[in-house]
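Asks: Sending over coords06.cif (mmCIF, C-alpha atoms and all ligand atoms).
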data_entry
#
loop_
_atom_site.label_atom_id
_atom_site.label_comp_id
_atom_site.auth_asym_id
_atom_site.auth_seq_id
_atom_site.Cartn_x
_atom_site.Cartn_y
_atom_site.Cartn_z
CA MET A 6 -27.57 6.48 27.53
CA ALA A 7 -24.74 6.55 24.95
CA ALA A 8 -24.36 9.81 23.04
CA MET A 9 -25.44 9.70 19.38
CA PRO A 10 -22.41 9.72 17.06
CA PRO A 11 -22.14 12.85 14.90
CA SER A 12 -23.78 12.31 11.50
CA LYS A 13 -20.96 14.11 9.66
CA PRO A 14 -17.77 12.70 11.13
CA HIS A 15 -14.62 14.68 10.45
CA TRP A 16 -11.09 15.14 11.79
CA ALA A 17 -12.24 15.28 15.43
CA GLN A 18 -13.58 11.72 15.04
CA LEU A 19 -10.73 10.54 12.80
CA ILE A 20 -8.02 11.54 15.24
CA ARG A 21 -9.82 9.89 18.15
CA GLU A 22 -11.01 6.69 16.47
CA VAL A 23 -8.08 6.01 14.12
CA VAL A 24 -4.96 8.07 14.77
CA ASP A 25 -4.88 8.07 18.58
CA SER A 26 -6.40 4.58 18.88
CA GLY A 27 -3.47 2.98 17.02
CA LEU A 28 -5.38 1.94 13.86
CA CYS A 29 -3.74 4.56 11.65
CA THR A 30 -1.39 3.05 9.09
CA GLY A 31 0.08 6.36 7.98
CA CYS A 32 -1.21 5.94 4.42
CA ALA A 33 -1.65 9.75 4.02
CA ALA A 34 -4.98 9.49 2.16
CA CYS A 35 -6.62 11.93 4.60
CA VAL A 36 -3.82 14.43 3.99
CA VAL A 37 -4.09 14.48 0.19
CA VAL A 38 -7.89 14.60 0.14
CA CYS A 39 -8.19 17.61 2.47
CA PRO A 40 -9.48 20.53 0.39
CA TYR A 41 -8.43 23.18 2.94
CA ASP A 42 -4.81 21.99 3.39
CA VAL A 43 -5.13 21.87 7.17
CA LEU A 44 -3.71 18.33 7.43
CA SER A 45 -0.03 17.61 7.14
CA TYR A 46 2.13 14.49 7.47
CA ASP A 47 4.76 13.77 10.09
CA GLU A 48 7.36 11.75 8.17
CA GLY A 49 9.19 10.72 11.32
CA ARG A 50 6.10 9.20 12.95
CA TYR A 51 4.27 8.31 9.71
CA LYS A 52 1.14 10.01 11.00
CA PRO A 53 -1.17 12.79 9.82
CA PHE A 54 -1.65 15.84 12.00
CA HIS A 55 -3.89 18.90 11.97
CA LEU A 56 -2.23 22.29 11.73
CA ASP A 57 -2.70 24.68 14.62
CA ALA A 58 -4.91 26.91 12.46
CA ASP A 59 -8.62 26.26 11.97
CA GLY A 60 -9.52 24.27 15.05
CA GLY A 61 -6.18 23.13 16.46
CA PRO A 62 -4.70 19.61 16.61
CA GLU A 63 -7.85 17.78 17.73
CA ASP A 64 -10.66 19.55 15.91
CA CYS A 65 -11.36 21.23 12.59
CA THR A 66 -13.49 24.30 11.95
CA HIS A 67 -14.12 23.13 8.35
CA GLY A 68 -15.30 19.79 9.75
CA GLU A 69 -17.61 21.58 12.15
CA ARG A 70 -19.11 23.30 9.10
CA GLY A 71 -19.73 20.01 7.27
CA CYS A 72 -16.53 18.86 5.54
CA THR A 73 -16.11 15.09 5.99
CA LEU A 74 -13.50 14.32 3.36
CA CYS A 75 -10.76 13.01 5.64
CA THR A 76 -13.06 10.36 7.10
CA ARG A 77 -14.27 9.50 3.59
CA ALA A 78 -10.70 8.76 2.52
CA CYS A 79 -9.60 6.71 5.50
CA ALA A 80 -9.41 2.99 4.98
CA ARG A 81 -9.32 2.32 8.70
CA PHE A 82 -12.32 4.45 9.72
CA ARG A 83 -15.36 2.51 10.98
CA ASP A 84 -16.70 -0.10 8.51
CA TRP A 85 -14.05 0.49 5.89
CA GLU A 86 -13.61 -3.15 4.91
CA PRO A 87 -17.18 -4.15 3.98
CA GLU A 88 -17.75 -0.72 2.44
CA ALA A 89 -14.76 -1.09 0.11
CA ASP A 90 -15.63 -4.75 -0.57
CA ASN A 91 -19.20 -3.89 -1.49
CA PHE A 92 -18.08 -1.07 -3.74
CA LEU A 93 -15.55 -3.23 -5.62
CA PHE A 94 -17.14 -6.67 -5.57
CA GLY A 95 -20.82 -6.13 -4.76
CA ARG A 96 -20.46 -8.14 -1.55
CA ALA A 97 -18.35 -8.40 1.59
CA ARG A 98 -15.65 -11.08 1.59
CA SER A 99 -16.53 -14.30 3.36
CA ASP A 100 -14.61 -15.40 6.46
CA GLU A 101 -12.85 -18.02 4.33
CA GLU A 102 -11.57 -15.37 1.92
CA VAL A 103 -8.80 -14.25 4.26
CA GLU A 104 -6.80 -12.91 1.32
CA GLY A 105 -9.82 -10.94 0.04
CA VAL A 106 -11.94 -11.48 -3.06
CA VAL A 107 -9.95 -12.87 -5.98
CA ARG A 108 -10.89 -13.58 -9.63
CA LYS A 109 -7.70 -15.18 -10.82
CA VAL A 110 -4.35 -16.26 -9.35
CA ALA A 111 -1.17 -16.84 -11.36
CA LEU A 112 2.58 -16.65 -11.25
CA ALA A 113 3.75 -13.96 -13.64
CA ARG A 114 6.87 -12.15 -14.73
CA ALA A 115 7.88 -9.49 -17.21
CA SER A 116 8.89 -10.93 -20.57
CA ASP A 117 11.62 -8.30 -20.93
CA PRO A 118 14.60 -9.82 -19.08
CA GLU A 119 15.75 -6.33 -17.98
CA PHE A 120 12.49 -5.74 -16.07
CA ALA A 121 12.60 -9.19 -14.56
CA ALA A 122 16.21 -8.66 -13.44
CA ASP A 123 15.59 -5.18 -11.97
CA GLY A 124 12.28 -6.07 -10.34
CA GLN A 125 12.00 -7.37 -6.80
CA ASP A 126 10.51 -10.66 -7.94
CA GLY A 127 9.34 -11.05 -11.54
CA GLY A 128 9.22 -7.35 -12.42
CA PHE A 129 5.47 -7.75 -12.97
CA VAL A 130 4.52 -4.52 -11.18
CA SER A 131 6.91 -2.40 -13.25
CA ALA A 132 5.81 -4.07 -16.50
CA THR A 133 2.18 -3.33 -15.58
CA LEU A 134 2.84 0.36 -14.86
CA ILE A 135 4.71 0.76 -18.14
CA TRP A 136 1.90 -0.93 -20.05
CA ALA A 137 -0.69 1.32 -18.37
CA LEU A 138 1.37 4.45 -19.13
CA GLU A 139 2.02 3.47 -22.74
CA HIS A 140 -1.57 2.36 -23.43
CA ASP A 141 -3.22 5.59 -22.29
CA MET A 142 -4.69 4.11 -19.12
CA ILE A 143 -2.81 6.38 -16.67
CA ASP A 144 -0.85 9.63 -16.97
CA ALA A 145 1.53 8.94 -14.07
CA ALA A 146 2.02 6.47 -11.23
CA LEU A 147 2.53 7.13 -7.52
CA VAL A 148 5.48 4.93 -6.56
CA SER A 149 8.46 4.77 -4.22
CA TYR A 150 12.07 5.74 -4.84
CA THR A 151 15.10 5.62 -2.61
CA GLY A 152 15.98 9.16 -1.57
CA GLY A 153 19.14 10.96 -0.56
CA GLY A 154 21.40 9.57 -3.28
CA ASP A 155 22.68 6.07 -3.96
CA SER A 156 23.89 5.52 -0.44
CA SER A 157 20.45 5.94 1.17
CA TRP A 158 17.74 3.31 1.52
CA LYS A 159 15.22 5.90 2.70
CA ALA A 160 12.01 5.00 0.84
CA THR A 161 10.47 8.15 -0.62
CA PRO A 162 7.18 8.68 -2.48
CA GLY A 163 7.45 10.02 -6.01
CA LEU A 164 5.91 10.12 -9.47
CA ALA A 165 6.76 7.80 -12.36
CA ARG A 166 5.77 9.41 -15.66
CA ASN A 167 7.51 7.11 -18.15
CA ARG A 168 9.37 3.83 -18.65
CA GLU A 169 12.70 5.16 -17.30
CA GLU A 170 11.12 6.46 -14.10
CA VAL A 171 9.20 3.23 -13.55
CA MET A 172 12.42 1.27 -13.92
CA ALA A 173 14.22 3.61 -11.50
CA SER A 174 11.54 2.94 -8.87
CA SER A 175 11.44 -0.86 -9.19
CA GLY A 176 12.48 -3.25 -6.39
CA SER A 177 11.28 -3.28 -2.76
CA ARG A 178 12.28 -1.25 0.23
CA TYR A 179 11.02 -2.55 3.57
CA THR A 180 10.66 0.79 5.29
CA TYR A 181 7.50 2.83 4.77
CA SER A 182 6.86 4.99 1.75
CA ALA A 183 3.49 6.76 1.78
CA ASN A 184 3.24 6.73 -2.02
CA VAL A 185 -0.20 8.41 -1.81
CA LEU A 186 1.64 11.62 -0.88
CA ALA A 187 2.96 11.85 -4.45
CA TYR A 188 -0.66 12.72 -5.37
CA GLN A 189 0.13 16.35 -4.50
CA GLN A 190 2.96 16.46 -7.04
CA ALA A 191 0.75 14.74 -9.64
CA GLN A 192 -1.87 17.42 -9.13
CA SER A 193 0.63 20.25 -9.42
CA GLU A 194 1.81 18.75 -12.74
CA GLY A 195 -1.77 18.45 -14.00
CA PHE A 196 -2.02 14.64 -14.21
CA GLU A 197 -5.62 13.42 -14.06
CA ARG A 198 -5.45 9.61 -14.32
CA LEU A 199 -3.21 8.08 -11.71
CA GLY A 200 -1.87 4.64 -10.96
CA LEU A 201 -1.06 3.84 -7.35
CA VAL A 202 1.42 1.23 -6.14
CA GLY A 203 1.17 0.51 -2.46
CA MET A 204 0.83 -2.01 0.32
CA GLY A 205 -2.69 -2.92 1.53
CA CYS A 206 -2.96 0.15 3.74
CA MET A 207 -2.57 2.41 0.71
CA ALA A 208 -4.23 0.14 -1.85
CA SER A 209 -7.55 0.34 0.04
CA ALA A 210 -7.60 4.14 -0.15
CA PRO A 211 -8.91 4.54 -3.74
CA ALA A 212 -11.71 2.01 -3.15
CA ILE A 213 -12.85 3.57 0.11
CA MET A 214 -12.65 7.08 -1.38
CA LYS A 215 -14.85 5.95 -4.27
CA ALA A 216 -17.26 4.06 -2.01
CA ARG A 217 -17.67 7.16 0.16
CA LYS A 218 -17.73 9.58 -2.78
CA ALA A 219 -14.65 11.57 -1.81
CA GLY A 220 -14.83 13.93 -4.78
CA LYS A 221 -12.24 14.50 -7.51
CA THR A 222 -9.41 12.86 -5.61
CA ALA A 223 -11.30 9.56 -5.67
CA ARG A 224 -12.03 9.83 -9.38
CA ARG A 225 -8.38 10.42 -10.30
CA PHE A 226 -7.27 6.93 -9.22
CA ALA A 227 -7.42 4.91 -12.43
CA LEU A 228 -5.34 1.89 -11.44
CA ASP A 229 -4.48 0.37 -8.08
CA ILE A 230 -1.61 -2.13 -7.76
CA GLY A 231 -1.26 -3.68 -4.29
CA LEU A 232 1.83 -5.24 -2.70
CA LEU A 233 1.51 -8.16 -0.29
CA CYS A 234 2.86 -7.03 3.07
CA SER A 235 3.05 -8.17 6.66
CA LYS A 236 5.06 -5.27 8.06
CA THR A 237 7.44 -2.42 7.43
CA PHE A 238 10.36 -1.35 9.58
CA GLU A 239 11.38 1.95 11.12
CA ASP A 240 14.19 3.70 9.23
CA SER A 241 16.34 3.32 12.34
CA ILE A 242 16.74 -0.40 11.53
CA PHE A 243 19.60 0.62 9.20
CA PRO A 244 21.96 2.23 11.73
CA GLU A 245 20.78 0.34 14.81
CA LEU A 246 20.56 -3.24 13.52
CA LEU A 247 22.04 -3.67 10.06
CA GLN A 248 25.04 -1.42 10.55
CA ALA A 249 25.64 -1.74 14.29
CA ARG A 250 25.25 -5.54 14.57
CA TYR A 251 26.06 -6.76 11.06
CA GLY A 252 28.39 -4.05 9.74
CA LEU A 253 26.09 -3.47 6.76
CA ALA A 254 26.17 0.20 5.86
CA PRO A 255 23.25 1.33 3.68
CA ALA A 256 25.70 2.34 0.94
CA ASN A 257 26.95 -1.24 0.83
CA ILE A 258 23.50 -2.87 0.48
CA ALA A 259 22.57 -3.82 -3.07
CA LYS A 260 19.26 -5.63 -2.48
CA MET A 261 17.00 -6.69 0.37
CA ASN A 262 14.19 -9.22 0.51
CA ILE A 263 12.03 -10.90 3.14
CA LYS A 264 11.37 -14.60 2.75
CA GLY A 265 10.85 -15.91 6.26
CA ARG A 266 14.07 -14.04 7.14
CA LEU A 267 15.65 -10.74 6.20
CA GLN A 268 17.85 -11.40 3.17
CA ILE A 269 20.55 -8.93 2.21
CA TRP A 270 22.95 -8.89 -0.72
CA ASP A 271 25.84 -6.48 -0.43
CA ASN A 272 27.61 -4.70 -3.27
CA SER A 273 30.24 -7.42 -3.59
CA GLY A 274 27.47 -10.01 -4.11
CA GLU A 275 27.88 -11.55 -0.65
CA TYR A 276 24.64 -12.79 0.92
CA HIS A 277 23.64 -12.09 4.56
CA GLU A 278 20.70 -13.45 6.50
CA ILE A 279 19.09 -11.91 9.57
CA PRO A 280 16.39 -13.77 11.53
CA LEU A 281 13.12 -11.84 11.45
CA LYS A 282 12.88 -12.19 15.24
CA GLU A 283 15.90 -9.92 15.56
CA ALA A 284 14.25 -7.27 13.38
CA HIS A 285 10.88 -7.31 15.22
CA ALA A 286 11.89 -4.52 17.59
CA TRP A 287 12.05 -2.12 14.60
CA THR A 288 8.49 -2.90 13.37
CA ARG A 289 6.74 0.36 12.49
CA ASP A 290 3.87 1.19 14.87
CA GLY A 291 1.42 1.75 11.98
CA CYS A 292 1.73 -1.92 10.98
CA LYS A 293 0.95 -3.43 14.36
CA SER A 294 -2.86 -3.42 13.97
CA CYS A 295 -2.96 -3.93 10.21
CA PRO A 296 -5.19 -6.84 9.15
CA ASP A 297 -4.54 -6.79 5.39
CA PHE A 298 -1.62 -8.87 4.20
CA ALA A 299 -2.87 -9.34 0.64
CA ALA A 300 -3.80 -5.76 -0.40
CA GLU A 301 -7.42 -6.84 -0.69
CA HIS A 302 -8.78 -3.73 -2.42
CA ALA A 303 -6.27 -3.40 -5.25
CA ASP A 304 -7.14 -4.13 -8.88
CA ILE A 305 -4.21 -6.54 -8.86
CA SER A 306 -2.10 -7.58 -5.86
CA ALA A 307 1.48 -8.80 -6.23
CA GLY A 308 3.82 -10.64 -3.92
CA GLY A 309 6.97 -12.66 -3.72
CA ILE A 310 5.57 -15.77 -2.09
CA GLY A 311 6.44 -19.07 -3.61
CA ALA A 312 9.06 -21.47 -4.73
CA PHE A 313 10.19 -19.48 -7.78
CA GLY A 314 12.20 -16.41 -6.76
CA ASP A 315 12.04 -14.65 -10.11
CA TRP A 316 8.26 -14.82 -10.50
CA THR A 317 5.61 -12.59 -8.94
CA LEU A 318 2.53 -14.12 -7.32
CA VAL A 319 -0.39 -12.22 -8.83
CA LEU A 320 -3.94 -11.97 -7.47
CA VAL A 321 -6.30 -10.41 -10.00
CA ARG A 322 -9.28 -8.94 -8.16
CA THR A 323 -11.36 -6.52 -10.25
CA GLN A 324 -12.72 -6.47 -13.78
CA ARG A 325 -10.34 -3.59 -14.58
CA GLY A 326 -7.46 -5.67 -13.24
CA GLU A 327 -8.50 -8.70 -15.26
CA GLU A 328 -8.82 -6.75 -18.52
CA LEU A 329 -5.39 -5.25 -17.97
CA PHE A 330 -3.80 -8.59 -17.06
CA ASP A 331 -5.33 -10.34 -20.10
CA ALA A 332 -4.27 -7.52 -22.45
CA MET A 333 -0.69 -7.68 -21.18
CA LEU A 334 -0.62 -11.43 -21.62
CA GLU A 335 -2.01 -11.16 -25.12
CA GLY A 336 0.45 -8.34 -25.89
CA GLY A 337 3.34 -10.62 -24.84
CA VAL A 338 4.77 -8.29 -22.16
CA ILE A 339 4.22 -10.80 -19.37
CA GLN A 340 4.56 -14.55 -19.12
CA THR A 341 2.60 -16.71 -16.71
CA ARG A 342 2.75 -20.15 -15.22
CA PRO A 343 -0.17 -21.87 -13.49
CA ILE A 344 -0.32 -21.59 -9.73
CA GLU A 345 -0.67 -25.38 -9.60
CA GLU A 346 3.06 -25.56 -10.39
CA ASP A 347 3.69 -24.10 -6.93
CA PRO A 348 1.25 -25.89 -4.64
CA GLY A 349 2.70 -24.36 -1.45
CA ALA A 350 2.20 -20.73 -2.51
CA LEU A 351 -1.53 -20.43 -1.86
CA GLY A 352 -1.23 -22.22 1.49
CA LEU A 353 1.47 -19.78 2.58
CA LEU A 354 -0.55 -16.80 1.30
CA ARG A 355 -3.52 -17.86 3.43
CA LYS A 356 -1.38 -18.57 6.47
CA LEU A 357 0.20 -15.10 6.32
CA ALA A 358 -3.16 -13.44 5.58
CA LYS A 359 -4.71 -15.17 8.62
CA ALA A 360 -1.85 -14.04 10.84
CA SER A 361 -2.42 -10.41 9.80
CA ARG A 362 -6.20 -10.69 10.37
CA ARG A 363 -5.53 -11.55 14.01
CA ARG A 364 -3.94 -8.11 14.53
CA TRP A 365 -7.19 -6.19 13.97
CA PRO A 366 -8.83 -5.31 17.32
CA ASP A 367 -12.25 -6.86 16.70
CA SER A 368 -13.72 -5.68 19.94
CA ASP A 369 -12.85 -2.13 18.96
CA HIS A 370 -14.50 -2.60 15.56
CA GLN A 371 -17.75 -3.71 17.23
CA GLU A 372 -17.94 -0.65 19.46
CA PRO A 373 -21.41 0.98 19.36
CA GLY A 374 -21.63 3.97 17.09
CA ARG A 375 -19.26 2.46 14.49
CA GLN A 376 -21.57 2.34 11.54
CA SER A 377 -21.22 3.08 7.83
CA LEU A 378 -20.90 6.68 6.74
CA PRO A 379 -24.02 8.42 5.49
CA ALA A 380 -24.35 8.56 1.70
CA THR A 381 -24.19 12.36 1.51
CA THR A 382 -20.96 13.85 0.24
CA THR A 383 -18.80 16.95 0.48
CA SER A 384 -17.00 17.50 -2.80
CA ALA A 385 -13.39 18.60 -3.08
C1 LIG B 401 7.19 -2.95 2.43
C2 LIG B 401 6.94 -4.17 1.58
C3 LIG B 401 6.67 -5.38 2.21
C4 LIG B 401 6.41 -6.52 1.44
N1 LIG B 401 6.18 -7.71 2.06
C5 LIG B 401 5.92 -8.81 1.34
C6 LIG B 401 5.65 -10.05 1.97
O1 LIG B 401 5.69 -10.15 3.21
N2 LIG B 401 5.37 -11.13 1.19
C7 LIG B 401 5.32 -11.03 -0.17
O2 LIG B 401 5.04 -12.03 -0.83
N3 LIG B 401 5.57 -9.87 -0.81
C8 LIG B 401 5.86 -8.77 -0.09
N4 LIG B 401 6.11 -7.57 -0.71
C9 LIG B 401 5.97 -7.49 -2.19
C10 LIG B 401 7.26 -7.83 -2.92
O3 LIG B 401 8.40 -7.34 -2.26
C11 LIG B 401 7.23 -7.24 -4.36
O4 LIG B 401 6.97 -5.85 -4.30
C12 LIG B 401 6.17 -7.86 -5.24
O5 LIG B 401 6.35 -9.27 -5.29
C13 LIG B 401 6.22 -7.32 -6.67
O6 LIG B 401 7.44 -7.69 -7.25
P1 LIG B 401 7.77 -7.19 -8.72
O7 LIG B 401 9.12 -7.69 -9.11
O8 LIG B 401 6.61 -7.55 -9.59
O9 LIG B 401 7.78 -5.61 -8.50
P2 LIG B 401 8.73 -4.44 -9.09
O10 LIG B 401 8.58 -4.44 -10.58
O11 LIG B 401 10.06 -4.56 -8.50
O12 LIG B 401 7.98 -3.16 -8.54
C14 LIG B 401 7.91 -2.91 -7.16
C15 LIG B 401 7.10 -1.67 -6.90
O13 LIG B 401 7.02 -1.49 -5.47
C16 LIG B 401 7.21 -0.12 -5.15
N5 LIG B 401 7.81 -0.07 -3.81
C17 LIG B 401 9.03 -0.50 -3.45
N6 LIG B 401 9.24 -0.33 -2.14
C18 LIG B 401 8.14 0.27 -1.65
C19 LIG B 401 7.77 0.73 -0.37
N7 LIG B 401 8.56 0.61 0.69
N8 LIG B 401 6.56 1.28 -0.22
C20 LIG B 401 5.72 1.41 -1.29
N9 LIG B 401 6.02 0.99 -2.55
C21 LIG B 401 7.22 0.43 -2.72
C22 LIG B 401 8.13 0.39 -6.23
O14 LIG B 401 7.98 1.78 -6.41
C23 LIG B 401 7.68 -0.41 -7.46
O15 LIG B 401 6.67 0.30 -8.16
C24 LIG B 401 6.42 -6.43 0.02
C25 LIG B 401 6.70 -5.20 -0.59
C26 LIG B 401 6.97 -4.08 0.17
C27 LIG B 401 7.29 -2.76 -0.52
S1 LIG B 402 -5.03 5.44 8.13
FE1 LIG B 402 -4.44 6.87 6.47
S2 LIG B 402 -6.34 8.05 6.03
FE2 LIG B 402 -6.63 7.04 8.03
S3 LIG B 402 -5.98 8.57 9.55
FE3 LIG B 402 -4.18 7.29 9.12
S4 LIG B 402 -3.08 8.38 7.47
FE4 LIG B 402 -5.16 9.23 7.55
S1 LIG B 403 1.66 -4.20 7.44
FE1 LIG B 403 2.01 -3.42 5.38
S2 LIG B 403 -0.06 -3.07 4.62
FE2 LIG B 403 -0.20 -3.15 6.80
S3 LIG B 403 0.06 -1.06 7.59
FE3 LIG B 403 2.07 -1.98 7.56
S4 LIG B 403 2.89 -1.36 5.57
FE4 LIG B 403 0.69 -1.10 5.45
#
Show me the file's structure as structure tokens.
Replies:
Amino acid sequence: MAAMPPSKPHWAQLIREVVDSGLCTGCAACVVVCPYDVLSYDEGRYKPFHLDADGGPEDCTHGERGCTLCTRACARFRDWEPEADNFLFGRARSDEEVEGVVRKVALARASDPEFAADGQDGGFVSATLIWALEHDMIDAALVSYTGGGDSSWKATPGLARNREEVMASSGSRYTYSANVLAYQQAQSEGFERLGLVGMGCMASAPAIMKARKAGKTARRFALDIGLLCSKTFEDSIFPELLQARYGLAPANIAKMNIKGRLQIWDNSGEYHEIPLKEAHAWTRDGCKSCPDFAAEHADISAGGIGAFGDWTLVLVRTQRGEELFDAMLEGGVIQTRPIEEDPGALGLLRKLAKASRRRWPDSDHQEPGRQSLPATTTSA
């Protein structure tokens, strides 16, 4: 007879079912939610780990005594997807909704030409963060910067507290930045209402934390902006592929994009193209089982799909997202064009979303004992 699963799952279950099984995305939500600071983050492997103290690497004495917060924060633990769906939308997505539940789709861009020029696509994400900061919706945003000076493309989590910092963080890096980790800095600076920018793996964290009542950390997330994403690369792609094979030193790269191929503009304005097949070998492990291309649990998801390079494809998902989007439109800080003007965009979105869905190990998900978490809570 199969053993009964523990009713209060904690780190011992998380490490076995998510981290060691290959489902862990490295989002760092378990690390920031831990009230006893016994979890840390391995930036080289993009994985959480348990400190030697208090139970050792594979167990947790606080978990044994009833703390379940790490499993309450993990958007890959057990039935995370229907739980987050039900919390946000009152129902699970249907099989046809491969991109998740959506209220409204549009092409959008920042009206301010400076934002649009600095942004990866239409500068919509940066315009939204600035609006939220300047309209008393959030106190700070958890975003990504490039670290180590101008010559480094190392993506690094950080806080954006104002317009200048939002602008400094705009654009996309295609290596991983666990923006959730900037939560710790936000807490030390006393910020209570936080915006999060992140790919699907991170964008599901606030919803699952709220669905599973993960205490104060859950309540502090006041806005969740998702980025469409099919993969990130290991940092070693810079020396081993871009520099070694193409002579592109990080210091000489001005902008990167992925549109069916890796696109690179160097500092002299010259354009370089690298077939994605060549870059596959540098795919980050944490992305290999990820089923969520479209950041399905964000308030608003944003991507660069479509025929118009300087517009952002926007999927508005929640009531909060819709109110924000409508207010920005009315306030004149964004412009939109109907999605019908780009008939191929939705087809491509669904094709890429379907491809990511195929990566989730269904058989694993169906394993006996994988049921929803109990409704009781341990507060932070
Ligand atoms: C790793 C990654 C993969 C992506 N893959 C796709 C894709 O396959 N298809 C698609 O349509 N769109 C993809 N996108 C989204 C796209 O690149 C743009 O971010 C999106 O269209 C919004 O553009 P914008 O001009 O409105 O954003 P901007 O105003 O330029 O703002 C971008 C925001 O993204 C944050 N950011 C940048 N790099 C990272 C990072 N590495 N990790 C976390 N946050 C980061 C910045 O801090 C900033 O807040 C991806 C983005 C990333 C970061
Ligand atoms: S997916 Fe995120 S929350 Fe879950 S174990 Fe990995 S780092 Fe922690
Ligand atoms: S594919 Fe993108 S959303 Fe999925 S785990 Fe990787 S970075 Fe996160």
Asks: Excluding Ile258 in chain A and its own-chain neighbours fewer than 3 positions away, which residues fall within 8 Å of it when counting all atoms listed in the file? Please give them as a PyMOL selection string.
Replies: chain A and resi 253-255+261+269-272
Asks: Limited to C-alpha atoms, could you put the picked residues into a file as a tab-separated table (two decimals), keeping the file's coordinate frame?
Replies:
chain	number	residue	atom	x	y	z
A	253	LEU	CA	26.09	-3.47	6.76
A	254	ALA	CA	26.17	0.20	5.86
A	255	PRO	CA	23.25	1.33	3.68
A	261	MET	CA	17.00	-6.69	0.37
A	269	ILE	CA	20.55	-8.93	2.21
A	270	TRP	CA	22.95	-8.89	-0.72
A	271	ASP	CA	25.84	-6.48	-0.43
A	272	ASN	CA	27.61	-4.70	-3.27
Asks: Can you tell me, as a PyMOL selection string, what residues are no more than 9 Å from Ile310 in chain A when counting only C-alpha atoms, ignoring any on the same chain fewer than 3 positions away?
Replies: chain A and resi 233+264+313-314+316-318+350-351+353-354
Asks: For a quick check of understanding, using only C-alpha atoms, which of A:Asp347, A:Val103, A:Gly265, A:Ala132 has the smallest distance to Ala312 in chain A?
Replies: A:Asp347
Asks: Residues at most 9 Å from range 30-47 of chain A, counting only C-alpha atoms, excluding those fewer than 4 positions away in the same chain, as a VMD selection string?
Replies: chain A and resid 23 to 24 51 to 59 65 67 72 74 to 81 181 to 189 206 to 207 210 to 211 214 219 to 223 290 to 295 384 to 385
Asks: Under the rule that only C-alpha atoms are counted, which of A:Ala191, A:Ala299, A:Ile213, A:Ala17 is the nearest residue to Phe92 in chain A?
Replies: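 Residue with the minimum atom-to-atom distance to Phe92 in chain A: A:Ile213.
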Asks: For the atom pair atom N1 of ligand LIG 401 (chain B) and CA of Gly27 in chain A, what is the interatomic distance in Å to one decimal place?
Replies: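 Straight-line distance from atom N1 of ligand LIG 401 (chain B) to CA of Gly27 in chain A works out to 20.8 Å.
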Asks: Around (7.9, 0.6, 5.4) in the file's own coordinates, what residues are found within 7 Å if you use only C-alpha atoms, given back as a PyMOL selection string?
Replies: chain A and resi 179-182+237-239
Asks: Within 7 Å of (10.0, -2.7, -10.7) (file coordinates; only C-alpha atoms), which protein or nucleic acid residues are there? I'd like them as an MDAnalysis selection string.
Replies: chainID A and resid 120 123:125 128 130:131 171:172 174:176
